[in-house]
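work_32.cif (mmCIF, C-alpha atoms) appears below.
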data_run
#
loop_
_atom_site.label_atom_id
_atom_site.label_comp_id
_atom_site.auth_asym_id
_atom_site.auth_seq_id
_atom_site.Cartn_x
_atom_site.Cartn_y
_atom_site.Cartn_z
CA MET D 104 105.61 -248.38 55.80
CA LYS D 105 108.36 -250.83 56.61
CA THR D 106 107.33 -253.91 58.52
CA ASP D 107 110.03 -253.23 61.11
CA ASP D 108 108.54 -249.79 61.73
CA LEU D 109 105.11 -251.34 62.15
CA ILE D 110 106.56 -253.81 64.66
CA ALA D 111 108.04 -250.92 66.64
CA ALA D 112 104.64 -249.22 66.77
CA LEU D 113 102.87 -252.44 67.75
CA ALA D 114 105.42 -253.14 70.47
CA ALA D 115 104.89 -249.67 71.92
CA ASP D 116 101.16 -250.36 72.29
CA THR D 117 101.24 -252.30 75.53
CA LEU D 118 97.82 -251.32 76.88
CA PRO D 119 96.21 -254.53 78.10
CA GLN D 120 93.21 -255.71 76.09
CA PRO D 121 90.15 -256.82 78.07
CA LYS D 122 89.68 -260.60 78.19
CA VAL D 123 86.77 -262.02 76.23
CA ALA D 124 85.41 -263.67 79.38
CA SER D 125 85.31 -260.37 81.24
CA GLN D 126 83.58 -258.72 78.26
CA LEU D 127 81.00 -261.51 78.37
CA LEU D 128 80.55 -261.14 82.12
CA ARG D 129 80.07 -257.42 81.62
CA ALA D 130 77.55 -257.68 78.81
CA LEU D 131 75.44 -260.65 79.92
CA PRO D 132 74.02 -259.18 83.17
CA VAL D 133 72.92 -256.06 81.29
CA ALA D 134 71.24 -258.09 78.54
CA THR D 135 69.56 -260.65 80.80
CA GLY D 136 68.47 -257.81 83.10
CA LEU D 137 66.83 -256.16 80.09
CA SER D 138 65.03 -259.39 79.15
CA LEU D 139 63.93 -259.96 82.75
CA LEU D 140 62.59 -256.43 82.92
CA ALA D 141 60.73 -256.93 79.63
CA LEU D 142 59.24 -260.16 80.97
CA ALA D 143 58.11 -258.50 84.19
CA VAL D 144 56.54 -255.57 82.33
CA PHE D 145 55.02 -257.19 79.23
CA TRP D 146 54.46 -260.81 80.25
CA GLY D 147 54.30 -260.80 84.05
CA VAL D 148 55.41 -263.72 86.20
CA ARG D 149 53.11 -266.66 86.85
CA PRO D 150 51.07 -266.14 90.03
CA ASP D 151 52.18 -269.47 91.53
CA LEU D 152 55.89 -268.81 90.84
CA LEU D 153 57.16 -269.73 94.30
CA VAL D 154 55.20 -272.99 94.36
CA ALA D 155 56.40 -273.87 90.87
CA LEU D 156 60.03 -273.11 91.72
CA SER D 157 59.88 -275.48 94.68
CA SER D 158 58.49 -278.34 92.54
CA TYR D 159 60.05 -280.36 89.72
CA ALA D 160 58.92 -277.54 87.40
CA VAL D 161 62.04 -275.68 88.55
CA LEU D 162 63.90 -277.82 85.98
CA LYS D 163 62.21 -275.74 83.30
CA THR D 164 64.21 -272.79 84.64
CA LEU D 165 67.42 -274.56 85.65
CA VAL D 166 68.06 -276.84 82.66
CA PRO D 167 68.03 -274.02 80.07
CA LEU D 168 70.24 -272.00 82.41
CA ALA D 169 72.73 -274.87 82.59
CA LEU D 170 72.57 -275.19 78.81
CA ALA D 171 73.36 -271.50 78.45
CA ALA D 172 76.30 -271.76 80.85
CA LEU D 173 77.78 -274.79 79.05
CA ALA D 174 77.30 -273.13 75.68
CA GLY D 175 78.99 -270.00 77.03
CA ALA D 176 82.00 -272.02 78.17
CA LEU D 177 82.22 -273.69 74.75
CA ALA D 178 81.92 -270.36 72.92
CA LEU D 179 84.74 -268.92 75.02
CA ALA D 180 87.01 -271.82 74.10
CA GLN D 181 86.08 -271.37 70.44
CA VAL D 182 87.26 -267.77 70.33
CA HIS D 183 90.64 -268.64 71.89
CA PRO D 184 92.53 -270.38 69.08
CA ALA D 185 94.34 -273.60 69.95
CA THR D 186 92.37 -273.96 73.19
CA PRO D 187 90.99 -277.48 73.70
CA GLN D 188 87.21 -277.49 73.36
CA LYS D 189 86.33 -281.17 73.01
CA ALA D 190 85.50 -281.69 76.70
CA ARG D 191 83.24 -278.66 76.80
CA GLY D 192 81.51 -279.70 73.59
CA ALA D 193 81.04 -283.24 74.92
CA VAL D 194 79.42 -282.06 78.16
CA LEU D 195 77.04 -279.90 76.15
CA LEU D 196 76.14 -282.82 73.87
CA VAL D 197 75.52 -285.08 76.87
CA MET D 198 73.16 -282.47 78.28
CA ILE D 199 71.24 -282.26 75.00
CA ALA D 200 71.16 -286.05 74.68
CA LEU D 201 69.74 -286.35 78.22
CA THR D 202 66.95 -283.92 77.35
CA VAL D 203 66.11 -285.83 74.19
CA THR D 204 66.13 -289.11 76.16
CA VAL D 205 63.64 -287.72 78.68
CA LEU D 206 61.42 -286.59 75.82
CA ILE D 207 61.53 -289.98 74.10
CA ALA D 208 60.92 -291.87 77.33
CA THR D 209 57.90 -289.70 78.13
CA LEU D 210 56.59 -290.10 74.58
CA MET D 211 56.85 -293.88 74.82
CA ARG D 212 55.00 -293.86 78.11
CA ASP D 213 52.19 -291.45 77.17
CA GLY D 214 51.89 -291.94 73.41
CA GLN D 215 51.78 -289.50 70.52
CA GLY D 216 48.23 -288.45 71.34
CA ALA D 217 49.49 -286.93 74.58
CA LEU D 218 52.09 -284.92 72.67
CA VAL D 219 49.48 -283.50 70.29
CA ALA D 220 47.19 -282.70 73.24
CA ALA D 221 50.02 -281.00 75.17
CA LEU D 222 51.00 -278.80 72.24
CA SER D 223 47.46 -277.96 71.13
CA THR D 224 47.29 -274.80 73.17
CA PRO D 225 47.83 -271.14 72.30
CA SER D 226 50.66 -271.25 74.85
CA ALA D 227 52.79 -273.14 72.31
CA LEU D 228 52.71 -270.24 69.87
CA VAL D 229 53.28 -267.71 72.66
CA CYS D 230 56.33 -269.72 73.74
CA LEU D 231 57.72 -269.99 70.20
CA LEU D 232 57.47 -266.23 69.72
CA SER D 233 58.43 -265.08 73.22
CA ILE D 234 61.70 -266.95 73.67
CA PRO D 235 63.32 -265.55 70.50
CA VAL D 236 62.16 -262.03 71.42
CA LEU D 237 63.56 -262.34 74.95
CA ALA D 238 66.75 -263.82 73.47
CA THR D 239 67.48 -260.85 71.21
CA PRO D 240 69.34 -258.65 73.72
CA VAL D 241 71.26 -261.65 75.05
CA LEU D 242 72.27 -262.74 71.54
CA ALA D 243 73.45 -259.23 70.74
CA ALA D 244 75.48 -259.04 73.95
CA THR D 245 77.00 -262.50 73.48
CA LEU D 246 78.02 -261.86 69.88
CA TRP D 247 79.44 -258.46 70.84
CA ALA D 248 81.60 -260.01 73.55
CA LEU D 249 82.70 -262.94 71.37
CA SER D 250 83.66 -260.63 68.52
CA SER D 251 86.50 -259.32 70.69
CA GLY D 252 87.94 -262.84 70.56
CA ALA D 253 89.29 -264.69 67.54
CA PRO D 254 86.56 -267.03 66.27
CA MET D 255 88.04 -269.53 63.83
CA ARG D 256 84.62 -270.83 62.77
CA PRO D 257 82.24 -267.86 62.93
CA ARG D 258 79.13 -269.77 61.85
CA LEU D 259 79.56 -272.44 64.50
CA THR D 260 80.41 -269.89 67.19
CA GLY D 261 77.38 -267.85 66.10
CA ALA D 262 75.21 -270.93 66.59
CA VAL D 263 76.69 -271.58 70.04
CA ALA D 264 76.04 -267.92 70.90
CA GLY D 265 72.44 -268.59 69.85
CA LEU D 266 72.35 -271.45 72.31
CA VAL D 267 73.60 -269.15 75.07
CA ALA D 268 70.92 -266.59 74.24
CA GLY D 269 68.16 -269.17 73.71
CA GLY D 270 69.01 -270.88 76.99
CA PHE D 271 68.89 -267.67 79.02
CA ALA D 272 65.69 -266.58 77.27
CA ALA D 273 63.97 -269.93 77.88
CA SER D 274 64.95 -269.77 81.53
CA ILE D 275 63.54 -266.25 81.82
CA TYR D 276 60.38 -267.17 79.90
CA SER D 277 59.77 -270.11 82.25
CA LEU D 278 59.02 -267.59 85.01
CA TYR D 279 55.91 -266.61 83.05
CA CYS D 280 54.95 -269.93 81.44
CA ASP D 281 52.48 -271.99 83.50
CA LYS D 282 52.65 -275.14 81.37
CA ASP D 283 54.81 -277.68 83.19
CA MET D 284 54.19 -280.93 81.27
CA VAL D 285 57.32 -282.52 79.84
CA LEU D 286 55.57 -283.02 76.51
CA PHE D 287 54.95 -279.30 76.27
CA VAL D 288 58.13 -277.87 77.74
CA ILE D 289 60.78 -279.93 75.95
CA PRO D 290 59.36 -279.71 72.39
CA ALA D 291 58.22 -276.08 72.60
CA TYR D 292 61.27 -274.70 74.41
CA SER D 293 63.69 -276.69 72.23
CA THR D 294 62.08 -275.47 69.03
CA ALA D 295 62.20 -271.87 70.24
CA ILE D 296 65.85 -272.24 71.30
CA ALA D 297 66.67 -273.88 67.96
CA ALA D 298 65.28 -270.82 66.19
CA VAL D 299 67.70 -268.63 68.14
CA VAL D 300 70.57 -271.03 67.34
CA LEU D 301 69.69 -270.70 63.67
CA ALA D 302 69.63 -266.91 63.93
CA GLY D 303 73.07 -267.01 65.56
CA ALA D 304 74.42 -269.23 62.78
CA VAL D 305 73.08 -266.85 60.14
CA ILE D 306 74.45 -263.61 61.62
CA GLY D 307 77.59 -265.11 63.19
CA PRO D 308 79.74 -264.96 60.04
CA ARG D 309 78.86 -261.28 59.60
CA LEU D 310 79.46 -260.14 63.18
CA LEU D 311 82.36 -262.41 64.11
CA ARG D 312 84.71 -261.53 61.22
CA TRP D 313 88.15 -260.25 62.08
CA MET L 297 115.17 -268.96 61.05
CA SER L 298 114.19 -272.40 62.15
CA VAL L 299 111.20 -273.46 64.15
CA ASN L 300 113.39 -273.93 67.20
CA ASP L 301 113.98 -270.21 67.40
CA LEU L 302 110.32 -269.88 68.24
CA GLU L 303 110.53 -272.06 71.29
CA GLY L 304 110.54 -270.43 74.67
CA LEU L 305 108.67 -267.42 73.37
CA GLU L 306 105.99 -268.01 76.02
CA ASP L 307 107.97 -266.28 78.77
CA LEU L 308 108.60 -263.27 76.53
CA MET L 309 104.95 -263.14 75.53
CA ARG L 310 103.84 -263.33 79.16
CA ALA L 311 106.17 -260.44 79.94
CA ALA L 312 104.73 -258.60 76.92
CA ASN L 313 101.26 -259.05 78.32
CA ARG L 314 102.49 -257.37 81.52
CA GLY L 315 103.52 -254.34 79.50
CA ASP L 316 107.16 -255.20 78.69
CA MET L 317 107.75 -253.39 75.38
CA ALA L 318 111.19 -254.85 74.74
CA ALA L 319 109.94 -258.42 75.27
CA TYR L 320 107.03 -257.82 72.94
CA HIS L 321 109.33 -256.34 70.32
CA ARG L 322 111.47 -259.48 70.50
CA VAL L 323 108.45 -261.75 70.09
CA LEU L 324 107.19 -259.88 67.03
CA SER L 325 110.68 -259.71 65.51
CA ALA L 326 111.23 -263.41 66.12
CA ILE L 327 108.04 -264.56 64.43
CA THR L 328 108.14 -262.19 61.46
CA PRO L 329 110.72 -264.02 59.28
CA LEU L 330 108.76 -267.27 59.52
CA LEU L 331 105.46 -265.53 58.76
CA ARG L 332 107.05 -263.70 55.81
CA LYS L 333 108.33 -266.98 54.44
CA VAL L 334 104.92 -268.64 54.59
CA VAL L 335 103.20 -265.64 53.03
CA ARG L 336 105.73 -265.39 50.20
CA ALA L 337 105.66 -269.09 49.48
CA ARG L 338 101.89 -269.01 49.16
CA GLY L 339 101.30 -265.63 47.60
CA MET L 340 103.80 -265.19 44.78
CA ALA L 341 100.99 -263.80 42.59
CA LEU L 342 100.75 -260.71 44.79
CA GLY L 343 104.35 -259.67 44.33
CA ARG L 344 106.80 -258.79 47.05
CA GLU L 345 105.03 -255.65 48.23
CA GLY L 346 101.64 -257.34 48.21
CA CYS L 347 103.07 -260.12 50.35
CA GLU L 348 104.50 -257.60 52.77
CA ASP L 349 101.02 -256.04 53.05
CA VAL L 350 99.56 -259.45 53.90
CA LEU L 351 102.34 -259.97 56.44
CA GLN L 352 101.52 -256.62 58.04
CA ASP L 353 97.86 -257.62 58.18
CA VAL L 354 98.88 -260.80 59.99
CA LEU L 355 101.03 -258.89 62.47
CA LEU L 356 98.17 -256.47 63.15
CA ALA L 357 95.82 -259.42 63.72
CA ILE L 358 98.27 -261.04 66.14
CA HIS L 359 98.53 -257.73 67.96
CA ARG L 360 94.79 -257.09 68.10
CA LYS L 361 93.98 -260.64 69.24
CA ARG L 362 96.91 -261.18 71.62
CA HIS L 363 94.57 -261.45 74.61
CA THR L 364 93.08 -264.65 73.13
CA TRP L 365 96.28 -266.58 73.87
CA ASN L 366 95.86 -268.58 77.08
CA GLU L 367 99.04 -268.00 79.04
CA ASP L 368 99.19 -271.59 80.25
CA GLN L 369 99.11 -272.95 76.68
CA PRO L 370 102.08 -273.14 74.27
CA LEU L 371 102.33 -270.06 72.05
CA GLN L 372 103.06 -271.67 68.69
CA PRO L 373 99.72 -273.44 68.03
CA TRP L 374 97.91 -270.22 68.85
CA LEU L 375 100.22 -268.19 66.67
CA TYR L 376 99.85 -270.52 63.69
CA ALA L 377 96.07 -270.61 64.03
CA ILE L 378 95.83 -266.80 64.04
CA ALA L 379 98.35 -266.45 61.21
CA ARG L 380 96.73 -269.11 59.05
CA HIS L 381 93.28 -267.57 59.48
CA LYS L 382 94.57 -264.12 58.63
CA VAL L 383 96.75 -265.18 55.69
CA VAL L 384 93.82 -266.94 54.04
CA ASP L 385 91.55 -263.99 54.82
CA ALA L 386 94.01 -261.38 53.59
CA PHE L 387 94.59 -263.20 50.31
CA ARG L 388 90.88 -263.69 49.80
CA ALA L 389 90.30 -259.98 50.35
CA ARG L 390 92.82 -259.34 47.57
CA GLY L 391 91.15 -261.78 45.22
CA THR L 392 93.57 -264.67 45.60
CA ARG L 393 92.58 -267.97 47.10
CA VAL L 394 95.34 -269.75 48.99
CA GLU L 395 95.61 -272.92 50.95
CA VAL L 396 97.69 -272.66 54.08
CA SER L 397 98.16 -275.51 56.46
CA ILE L 398 99.53 -275.52 59.97
CA ASP L 399 102.40 -277.65 58.63
CA ASP L 400 103.52 -274.72 56.49
CA PHE L 401 104.51 -272.99 59.70
CA ALA L 402 105.68 -275.97 61.67
CA GLU L 403 107.84 -277.59 59.00
CA GLY L 404 108.95 -274.51 57.17
CA LEU L 405 108.81 -273.90 53.45
CA PRO L 406 111.55 -273.50 50.85
CA ALA L 407 113.17 -270.13 51.41
CA ALA L 408 112.00 -267.31 49.19
CA SER L 409 114.82 -265.64 47.30
CA GLY L 410 115.49 -261.94 47.10
CA PRO L 411 116.17 -259.12 49.50
CA ASP L 412 114.51 -259.51 52.84
CA PRO L 413 112.95 -256.59 54.69
CA THR L 414 110.60 -254.73 52.46
CA GLU L 415 107.95 -252.17 52.56
CA GLY L 416 104.20 -252.57 52.27
CA ARG L 417 102.01 -250.12 50.38
CA ASP L 418 98.68 -250.41 52.18
CA MET L 419 99.89 -248.86 55.41
CA GLU L 420 100.66 -245.47 53.82
CA LYS L 421 97.16 -245.37 52.31
CA VAL L 422 95.65 -246.15 55.68
CA LEU L 423 97.80 -243.66 57.57
CA SER L 424 96.83 -240.90 55.13
CA LYS L 425 93.22 -241.46 56.15
CA LEU L 426 93.95 -241.15 59.85
CA ASP L 427 93.99 -237.96 61.82
CA PRO L 428 97.53 -236.55 61.14
CA ARG L 429 98.39 -236.65 64.83
CA GLU L 430 97.39 -240.32 65.05
CA ALA L 431 99.35 -241.18 61.92
CA ASP L 432 102.35 -239.37 63.36
CA LEU L 433 102.10 -241.48 66.50
CA VAL L 434 102.10 -244.74 64.54
CA ARG L 435 105.13 -243.58 62.54
CA ALA L 436 107.07 -242.13 65.45
CA PHE L 437 108.13 -245.39 67.05
CA GLY L 438 109.53 -247.08 63.97
CA LEU L 439 110.64 -244.26 61.75
CA ASN L 440 112.10 -241.99 64.40
CA GLY L 441 112.93 -244.74 66.85
CA GLU L 442 111.27 -242.76 69.59
CA THR L 443 110.36 -244.08 72.99
CA THR L 444 107.00 -243.37 74.56
CA ALA L 445 108.63 -240.74 76.77
CA GLU L 446 110.25 -238.96 73.82
CA THR L 447 107.03 -238.95 71.83
CA ALA L 448 105.19 -237.63 74.85
CA ALA L 449 107.70 -234.80 75.27
CA ARG L 450 107.65 -233.91 71.57
CA LEU L 451 103.86 -233.81 71.38
CA ASN L 452 103.50 -232.21 74.80
CA MET L 453 101.33 -235.08 76.02
CA SER L 454 101.57 -237.29 79.10
CA GLU L 455 103.02 -240.77 78.55
CA GLY L 456 99.67 -242.28 79.48
CA ALA L 457 97.91 -240.16 76.89
CA VAL L 458 100.43 -241.25 74.24
CA ARG L 459 99.76 -244.89 75.08
CA VAL L 460 96.00 -244.46 74.84
CA ALA L 461 96.28 -242.48 71.61
CA LEU L 462 98.59 -245.06 70.02
CA HIS L 463 96.25 -247.86 71.09
CA ARG L 464 93.30 -246.07 69.47
CA ALA L 465 95.29 -245.26 66.34
CA LEU L 466 96.28 -248.90 65.83
CA LYS L 467 92.67 -249.91 66.36
CA SER L 468 91.62 -247.49 63.60
CA VAL L 469 94.42 -248.82 61.38
CA ALA L 470 93.17 -252.37 61.75
CA ARG L 471 89.59 -251.32 61.04
CA LEU L 472 90.53 -249.21 58.03
CA ARG L 473 92.67 -251.95 56.52
CA GLU L 474 89.80 -254.37 56.70
CA ARG L 475 87.44 -251.91 55.07
CA MET L 476 89.94 -250.84 52.46
CA ILE L 477 90.65 -254.24 50.98
CA GLU L 478 87.06 -255.38 50.85
#
Written as structure tokens, how would this file's structure read?
Amino acid sequence: MKTDDLIAALAADTLPQPKVASQLLRALPVATGLSLLALAVFWGVRPDLLVALSSYAVLKTLVPLALAALAGALALAQVHPATPQKARGAVLLVMIALTVTVLIATLMRDGQGALVAALSTPSALVCLLSIPVLATPVLAATLWALSSGAPMRPRLTGAVAGLVAGGFAASIYSLYCDKDMVLFVIPAYSTAIAAVVLAGAVIGPRLLRW
Amino acid sequence: MSVNDLEGLEDLMRAANRGDMAAYHRVLSAITPLLRKVVRARGMALGREGCEDVLQDVLLAIHRKRHTWNEDQPLQPWLYAIARHKVVDAFRARGTRVEVSIDDFAEGLPAASGPDPTEGRDMEKVLSKLDPREADLVRAFGLNGETTAETAARLNMSEGAVRVALHRALKSVARLRERMIE
């Protein structure tokens, strides 16, 4: 086929393509709804949910949610070639740095013994397993939506998609989890989210090829 | 073709995104000589037809990813990023490793000699795997110079149905080409 003939065919195909952002906004509610439903059915919400949500423990729900939103904004920029992404990446890094700072400050105040005590509970294992499970539908939805874009660095975008999924899953899991200590929440949730990030980085190159 | 010819394509591309066929045709025609030059300069090992196949892959990628251009950004950086990604990818799929830099597009490369518009081979292979009606649709616009209305009348379809069918056919073409060269 002549290239000019191909151009004529391409030019005739003027059906608008859905934007990546609208694909993401379509897929995410379905996926998070699925995870929320799974949590309600198989985990159940903590009995004192309303009390917890009106205390500082609400941060356990809100911070991962903010992380997911920032990661989503960064991922969207990444699949639109030649779109500036430094500002979005910087905000995300600041957010992560703040979390690490809070962890270090608490560690310095309470000592390593407190960290070991906080994590020496079966809840830690439950958390490490639950968040990745709850993240699975969200990761699938995010990668599906992003694959309609043009990722220039599929592994990195896969990792950021993992952060989106891990953030949403951690936020959802926090509705069940009744451990509110900083020395439990930050290390356990971060490790679980990191596992999802890793999963995203591994499958990203396969699913985000174009 | 100099780089300056590619300036001011944003308005045409915006019109293309609103469904203006003629504007879109002008955009694709305007960028093709530059893309062909970069592909030929980098991929001599593939021969002229092989290069034209890579060029067609790049055009298909630009078409399939056109919604990832932000309308308030300049078109060229986006175009070069897509083209560079696809050129490298298309050569790799054919067993040739090439280095392409953004400067190749921006500064231009020494002109390749020889006759200009050529034919690719891959497309015929792909079209033969499509449903004959779909393949006919893809060919109709270039080969027969048909408009959507004429194609619709010939195939006894509505214009809307022709558009949807062509859209699906080009989607299958892109998918098949990726599978074929792997």
Mind telling me what the PyMOL selection byres ((chain L and resi 469) around 12) catches here, as a PyMOL selection string? (chain D and resi 109+112-113) or (chain L and resi 352-353+356-357+359-360+418-427+430-431+433-435+462-468+470-476)
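Residues selected in this file by the PyMOL selection byres ((chain L) within 6 of (chain D)) comprise Gly315, Met317, Tyr320, His321, Thr364, Pro373, Trp374, Glu415, Gly416, Met419, Val434, Phe437, Gly438, Leu439 and His463 of chain L.
Separating CA of Gly270 in chain D from CA of Leu168 in chain D is a distance of 5.7 Å.
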Env of Tyr276 in chain D: 8 Å cut, atoms = all atoms listed in the file, seq-sep filter 3 positions within chain, self excluded. Answer as a ChimeraX atom specification. /D:142,230,233-234,237,272-273,279-280
I need the residue set behind the PyMOL selection byres ((chain D and resi 309) around 12) for this file; please write it as a list of chain:residue names.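 Applying the expression gives D:Leu246, D:Trp247, D:Ser250, D:Pro254, D:Arg256, D:Pro257, D:Arg258, D:Thr260, D:Gly261, D:Ala302, D:Gly303, D:Ala304, D:Val305, D:Ile306, D:Gly307, D:Pro308, D:Leu310, D:Leu311, D:Arg312, D:Trp313.
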Give me the residues within 7 Å of Val323 in chain L as a compact mmCIF listing (two decimals) with C-alpha atoms, in the coordinates of the input, counting only C-alpha atoms and dropping any in the same chain fewer than 2 places off.
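Result saved to result-v4.txt:
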# COMPACT_ATOMS: atom_id res chain seq x y z
CA LEU L 305 108.67 -267.42 73.37
CA LEU L 308 108.60 -263.27 76.53
CA MET L 309 104.95 -263.14 75.53
CA ALA L 319 109.94 -258.42 75.27
CA TYR L 320 107.03 -257.82 72.94
CA HIS L 321 109.33 -256.34 70.32
CA SER L 325 110.68 -259.71 65.51
CA ALA L 326 111.23 -263.41 66.12
CA ILE L 327 108.04 -264.56 64.43
For CA of Ala130 in chain D and CA of Ala312 in chain L, quote the distance in Å rounded to one decimal. 27.3 Å
